[in-house]
>>> print(open('work_0.tsv').read())   # TSV, C-alpha atoms
chain	number	residue	atom	x	y	z
A	1	MET	CA	35.94	-226.99	16.28
A	2	GLY	CA	34.73	-224.67	13.49
A	3	ARG	CA	36.63	-222.92	10.80
A	4	PRO	CA	39.74	-220.95	11.88
A	5	SER	CA	39.17	-217.28	12.56
A	6	ARG	CA	40.26	-214.91	9.83
A	7	LEU	CA	43.07	-212.63	10.93
A	8	GLY	CA	41.85	-209.04	11.25
A	9	ASP	CA	43.56	-206.22	9.40
A	10	GLU	CA	44.68	-204.56	12.64
A	11	ASP	CA	46.46	-207.79	13.71
A	12	ARG	CA	48.53	-208.20	10.56
A	13	SER	CA	51.23	-205.88	11.87
A	14	ASP	CA	51.53	-208.10	14.97
A	15	TYR	CA	51.79	-211.13	12.70
A	16	ALA	CA	54.56	-209.51	10.66
A	17	SER	CA	56.46	-208.61	13.85
A	18	ALA	CA	56.16	-212.19	15.14
A	19	LEU	CA	57.40	-213.50	11.78
A	20	ASP	CA	60.42	-211.20	11.90
A	21	GLU	CA	61.22	-212.34	15.44
A	22	VAL	CA	61.23	-216.00	14.40
A	23	ILE	CA	63.36	-215.32	11.32
A	24	ALA	CA	65.83	-213.39	13.49
A	25	SER	CA	66.13	-216.26	16.00
A	26	PRO	CA	69.53	-218.01	16.14
A	27	GLU	CA	68.05	-221.32	14.98
A	28	ILE	CA	66.55	-219.93	11.79
A	29	ARG	CA	69.55	-217.71	11.07
A	30	ARG	CA	71.89	-220.68	11.37
A	31	LEU	CA	69.77	-222.73	8.97
A	32	LEU	CA	69.60	-219.83	6.52
A	33	GLU	CA	73.39	-219.48	6.49
A	34	ARG	CA	73.84	-223.22	6.07
A	35	SER	CA	71.35	-223.58	3.23
A	36	GLY	CA	72.03	-220.26	1.49
A	37	PHE	CA	68.30	-219.57	1.26
A	38	PRO	CA	67.59	-215.80	1.22
A	39	GLY	CA	65.90	-214.49	4.35
A	40	GLY	CA	63.77	-212.04	2.37
A	41	ARG	CA	62.23	-214.84	0.35
A	42	LEU	CA	61.56	-216.80	3.53
A	43	ARG	CA	59.70	-213.78	4.93
A	44	VAL	CA	57.58	-213.54	1.78
A	45	LEU	CA	56.67	-217.20	2.14
A	46	GLY	CA	55.73	-216.65	5.78
A	47	LEU	CA	53.49	-213.69	4.92
A	48	ALA	CA	51.79	-215.66	2.16
A	49	ALA	CA	51.07	-218.56	4.54
A	50	VAL	CA	49.20	-216.43	7.10
A	51	ALA	CA	46.05	-218.58	6.92
A	52	ARG	CA	48.05	-221.76	7.52
A	53	THR	CA	50.22	-220.50	10.37
A	54	THR	CA	47.48	-218.64	12.27
A	55	ALA	CA	45.31	-221.76	12.33
A	56	ALA	CA	47.74	-223.33	14.81
A	57	ALA	CA	46.99	-220.57	17.34
A	58	ASP	CA	43.29	-220.20	16.58
A	59	ALA	CA	42.09	-220.84	20.14
A	60	GLU	CA	44.34	-218.14	21.59
A	61	TYR	CA	43.33	-215.70	18.85
A	62	ARG	CA	39.62	-216.28	19.48
A	63	ARG	CA	40.07	-215.52	23.16
A	64	TYR	CA	42.09	-212.39	22.39
A	65	ALA	CA	39.52	-211.17	19.86
A	66	ASP	CA	36.62	-211.82	22.26
A	67	LEU	CA	38.28	-209.86	25.06
A	68	ARG	CA	39.03	-206.98	22.72
A	69	ARG	CA	35.45	-206.94	21.48
A	70	GLN	CA	34.14	-206.86	25.04
A	71	ALA	CA	36.49	-204.00	25.89
A	72	ARG	CA	35.03	-202.04	22.98
A	73	GLY	CA	31.47	-202.64	24.07
A	74	GLY	CA	30.71	-205.40	21.61
A	75	ARG	CA	31.26	-203.22	18.55
A	76	ARG	CA	32.80	-204.43	15.33
A	77	GLU	CA	36.55	-204.67	15.17
A	78	ALA	CA	38.36	-201.64	13.76
A	79	GLY	CA	39.33	-201.92	10.13
A	80	VAL	CA	36.42	-204.28	9.30
A	81	SER	CA	33.93	-201.83	7.86
A	82	PRO	CA	31.68	-203.42	5.23
A	83	LEU	CA	31.01	-201.62	2.01
A	84	SER	CA	27.27	-202.19	2.31
A	85	GLY	CA	24.79	-203.85	4.58
A	86	PRO	CA	21.85	-203.03	6.85
A	87	GLY	CA	22.68	-200.86	9.82
A	88	ASP	CA	26.13	-199.79	8.66
A	89	GLN	CA	25.63	-197.55	5.66
A	90	GLU	CA	24.85	-193.86	5.95
A	91	ARG	CA	21.30	-192.58	5.88
A	92	PRO	CA	20.18	-191.60	2.36
A	93	GLY	CA	19.43	-188.01	3.40
A	94	ALA	CA	22.70	-187.36	5.19
A	95	GLY	CA	24.50	-186.25	2.04
A	96	VAL	CA	21.67	-183.98	0.93
A	97	LEU	CA	21.48	-182.29	4.32
A	98	ALA	CA	25.22	-181.70	4.31
A	99	VAL	CA	25.06	-180.08	0.89
A	100	LEU	CA	22.12	-177.89	1.89
A	101	GLY	CA	23.88	-176.88	5.09
A	102	VAL	CA	26.83	-175.58	3.08
A	103	LEU	CA	24.96	-174.04	0.14
A	104	THR	CA	22.11	-172.31	2.01
A	105	PRO	CA	24.23	-169.71	3.83
A	106	VAL	CA	26.22	-169.00	0.68
A	107	LEU	CA	23.15	-168.56	-1.55
A	108	ALA	CA	21.36	-166.49	1.08
A	109	ALA	CA	24.37	-164.19	1.43
A	110	VAL	CA	24.64	-163.74	-2.35
A	111	ALA	CA	20.93	-162.97	-2.59
A	112	ALA	CA	21.13	-160.49	0.28
A	113	ALA	CA	24.03	-158.65	-1.33
A	114	THR	CA	22.23	-158.52	-4.67
A	115	PHE	CA	18.92	-157.24	-3.27
A	116	LEU	CA	20.58	-154.65	-1.06
A	117	LEU	CA	22.70	-153.29	-3.89
A	118	LEU	CA	19.70	-152.99	-6.20
A	119	GLY	CA	17.45	-151.51	-3.50
A	120	TYR	CA	19.90	-148.88	-2.32
A	121	GLY	CA	20.85	-148.15	-5.92
A	122	LEU	CA	17.27	-147.37	-6.80
A	123	ARG	CA	16.97	-145.20	-3.70
A	124	LEU	CA	20.02	-143.20	-4.71
A	125	THR	CA	18.63	-142.55	-8.16
A	126	GLY	CA	15.19	-141.73	-6.75
A	127	SER	CA	13.36	-143.97	-9.22
A	128	LEU	CA	10.81	-146.64	-8.27
A	129	PRO	CA	10.81	-145.97	-4.53
A	130	ALA	CA	8.28	-148.75	-3.85
A	131	LEU	CA	10.41	-151.38	-5.61
A	132	ALA	CA	13.53	-150.04	-3.92
A	133	GLY	CA	11.95	-150.46	-0.49
A	134	THR	CA	10.86	-154.01	-1.30
A	135	LEU	CA	14.33	-154.97	-2.51
A	136	VAL	CA	15.96	-153.52	0.60
A	137	GLY	CA	13.54	-155.41	2.87
A	138	VAL	CA	14.12	-158.71	1.00
A	139	GLY	CA	17.88	-158.12	1.13
A	140	TRP	CA	17.92	-157.68	4.90
A	141	SER	CA	15.72	-160.78	5.30
A	142	SER	CA	18.11	-162.80	3.15
A	143	LEU	CA	21.02	-161.54	5.25
A	144	VAL	CA	19.30	-162.76	8.42
A	145	VAL	CA	18.67	-166.16	6.81
A	146	ALA	CA	22.33	-166.39	5.78
A	147	ALA	CA	23.50	-165.59	9.33
A	148	VAL	CA	21.17	-168.12	10.95
A	149	THR	CA	21.93	-170.95	8.51
A	150	GLY	CA	25.64	-170.22	8.76
A	151	LEU	CA	25.50	-170.49	12.55
A	152	VAL	CA	23.57	-173.77	12.30
A	153	SER	CA	26.13	-175.17	9.84
A	154	VAL	CA	29.03	-174.27	12.13
A	155	VAL	CA	27.34	-175.97	15.09
A	156	ALA	CA	26.59	-179.07	12.99
A	157	LEU	CA	30.20	-179.29	11.79
A	158	TYR	CA	31.47	-178.95	15.35
A	159	ARG	CA	29.19	-181.74	16.59
A	160	THR	CA	30.25	-184.02	13.71
A	161	ALA	CA	33.93	-183.41	14.42
A	162	ALA	CA	33.41	-184.07	18.13
A	163	LYS	CA	31.57	-187.32	17.41
A	164	GLN	CA	34.26	-188.55	15.05
A	165	SER	CA	36.94	-187.70	17.60
A	166	ALA	CA	35.06	-189.66	20.27
A	167	ASP	CA	34.64	-192.63	17.93
A	168	GLY	CA	38.34	-192.57	17.09
A	169	THR	CA	39.23	-192.57	20.77
A	170	ALA	CA	36.89	-195.46	21.43
A	171	ASP	CA	38.49	-197.47	18.64
A	172	VAL	CA	41.82	-197.50	20.47
A	173	PRO	CA	42.23	-201.01	21.90
A	174	ASP	CA	41.90	-201.30	25.65
A	175	ARG	CA	45.25	-201.88	27.35
A	176	SER	CA	43.97	-203.82	30.31
A	177	PRO	CA	46.25	-206.51	31.79
A	178	ALA	CA	43.87	-209.31	30.77
A	179	LEU	CA	43.83	-208.14	27.17
A	180	GLN	CA	47.61	-207.77	27.14
A	181	ASP	CA	48.05	-211.28	28.54
A	182	ALA	CA	45.69	-212.68	25.88
A	183	ARG	CA	47.63	-210.90	23.15
A	184	GLU	CA	50.97	-212.19	24.42
A	185	ALA	CA	49.58	-215.74	24.69
A	186	TRP	CA	48.35	-215.56	21.10
A	187	LEU	CA	51.68	-214.25	19.80
A	188	ALA	CA	53.62	-216.92	21.71
A	189	ALA	CA	51.42	-219.70	20.33
A	190	LEU	CA	51.66	-218.17	16.88
A	191	ARG	CA	55.45	-218.12	16.98
A	192	ASP	CA	55.94	-221.56	18.53
A	193	ARG	CA	53.16	-223.62	16.94
A	194	GLY	CA	52.53	-221.78	13.70
A	195	ILE	CA	55.37	-219.75	12.24
A	196	ARG	CA	58.47	-221.65	13.46
A	197	PRO	CA	57.31	-225.13	12.29
A	198	PHE	CA	56.33	-223.69	8.92
A	199	LEU	CA	59.69	-222.00	8.40
A	200	LEU	CA	61.59	-225.11	9.49
A	201	GLN	CA	59.59	-227.19	7.02
A	202	ARG	CA	60.29	-224.78	4.19
A	203	LEU	CA	64.01	-224.75	4.98
A	204	ALA	CA	64.07	-228.55	5.12
A	205	GLU	CA	62.41	-228.73	1.71
A	206	THR	CA	64.99	-226.42	0.17
A	207	ALA	CA	67.90	-228.59	1.37
A	208	THR	CA	69.16	-230.69	-1.60
A	209	PRO	CA	69.92	-234.30	-0.60
A	210	PRO	CA	73.22	-235.82	-1.92
A	211	ALA	CA	72.95	-237.94	-5.03
A	212	GLY	CA	72.73	-241.65	-4.21
A	213	PRO	CA	74.73	-244.46	-5.85
A	214	GLY	CA	73.62	-245.35	-9.33
A	215	GLU	CA	71.98	-241.96	-9.94
A	216	GLY	CA	73.18	-240.42	-13.16
A	217	SER	CA	72.21	-239.43	-16.63
A	218	GLY	CA	73.13	-242.78	-18.19
A	219	PHE	CA	75.10	-246.02	-17.85
A	220	SER	CA	78.79	-245.53	-17.31
A	221	SER	CA	81.49	-248.04	-16.48
A	222	PRO	CA	85.26	-247.54	-16.24
A	223	ALA	CA	85.85	-250.79	-18.13
A	224	PHE	CA	84.08	-249.51	-21.22
A	225	ALA	CA	84.76	-245.80	-20.94
A	226	GLY	CA	88.54	-246.05	-20.94
A	227	PRO	CA	90.59	-244.83	-23.92
A	228	GLU	CA	91.92	-248.34	-24.70
A	229	PHE	CA	88.53	-249.85	-25.36
A	230	SER	CA	87.75	-250.07	-29.09
A	231	GLY	CA	85.19	-252.85	-29.31
A	232	PRO	CA	85.56	-256.57	-30.02
A	233	GLY	CA	87.57	-257.64	-33.05
A	234	PHE	CA	89.33	-254.32	-33.48
A	235	GLU	CA	92.76	-253.13	-32.57
A	236	SER	CA	92.95	-251.13	-29.38
A	237	SER	CA	95.15	-248.19	-28.81
A	238	GLY	CA	97.64	-250.40	-26.97
A	239	GLY	CA	98.43	-252.51	-30.07
A	240	ALA	CA	96.63	-255.68	-29.00
A	241	ALA	CA	95.10	-257.39	-32.03
A	242	GLY	CA	91.68	-258.94	-32.06
A	243	PRO	CA	90.61	-262.08	-34.01
A	244	ARG	CA	92.03	-262.28	-37.58
A	245	LEU	CA	89.73	-262.71	-40.59
A	246	PRO	CA	90.37	-265.72	-42.91
A	247	ASP	CA	92.33	-265.08	-46.10
A	248	THR	CA	90.03	-265.59	-49.12
A	249	ARG	CA	92.64	-264.87	-51.80
A	250	ARG	CA	93.49	-267.75	-54.11
>>> encode(input="work_0.tsv", output="structure tokens")
Amino acid sequence: MGRPSRLGDEDRSDYASALDEVIASPEIRRLLERSGFPGGRLRVLGLAAVARTTAAADAEYRRYADLRRQARGGRREAGVSPLSGPGDQERPGAGVLAVLGVLTPVLAAVAAATFLLLGYGLRLTGSLPALAGTLVGVGWSSLVVAAVTGLVSVVALYRTAAKQSADGTADVPDRSPALQDAREAWLAALRDRGIRPFLLQRLAETATPPAGPGEGSGFSSPAFAGPEFSGPGFESSGGAAGPRLPDTRR
């Protein structure tokens, strides 16, 4: 069997829900109360061990992921969009065309307004009639260009919005019975074979075993630690005298 499948981003919410269900089970709650271990910390440990716990249900997850991929027509799973790579990045000219589609109607409308104002202004003053006629003709031509490019931009925006809406609808996972059964089988295996054994192991490790006989910070004995012990050859607190020293006085 190969390496375990990496849990997709869209499945992490299911993993968190399964983790919460196991923590809320009577068995885990009873152990938490007995050990005094905080449930929030146990949840953090479970979330951090996602690679370890999901490996126990890898076969069920592979089947669930394969069925979901087939339901989506073999396309990449949602939420796994690479930053770069052949076939997935946008075409280099897409951004330029979008900018031109927005700027062309605006520039054409500004030019049309300018030419028409100048042309009709010259006509009103009666000076340079030839130039005035040319400016008026160019202004009306620019106005036509602005109208046509504006209409094309609106149609392009509508098509883009429709395509994105269709893609978003297609990304919704299929709710067929087979896919639902595969998902439930994966979650059951994840809870029983992955999350619950991990949490039980962590709770068992936090339990402090009682100190065994002889374990301590040093040697201690009642015979030598009592208040009446003062060492050999010295008087104890009870008045008992030790060995007497010889008298060396002459």
>>> closest_residue(input="work_0.tsv", among="A:Arg191, A:Leu199, A:Val155, A:Val145", to="A:Arg29", atoms="all atoms listed in the file")
A:Leu199
>>> closest_residue(input="work_0.tsv", among="A:Ala113, A:Leu124, A:Ala161, A:Ile23", to="A:Val138", atoms="all atoms listed in the file")
A:Ala113
>>> closest_residue(input="work_0.tsv", among="A:Ala111, A:Ala189, A:Pro105, A:Gly119", to="A:Val148", atoms="only C-alpha atoms")
A:Pro105
>>> residues_around(input="work_0.tsv", residues="A:Arg62", least_positions_apart="2", cutoff="12 Å", atoms="only C-alpha atoms", output="list in words")
Met1, Gly2, Arg3, Pro4, Ser5, Arg6, Leu7, Gly8, Thr54, Ala55, Ala56, Ala57, Asp58, Ala59, Glu60, Tyr64, Ala65, Asp66, Leu67, Arg68, Arg69, Leu179, Ala182, Arg183, Ala185 and Trp186 of chain A
>>> axis_aligned_box(input="work_0.tsv", around="stretch 115-131 of chain A", padding_each_side="3 Å", output="AutoDock Vina command-line options")
--center_x 15.5 --center_y -149.5 --center_z -5.1 --size_x 20.4 --size_y 21.5 --size_z 14.2
>>> atom_distance(input="work_0.tsv", atom1="atom CA of A:Gly194", atom2="atom CA of A:Ala71")
26.9 Å
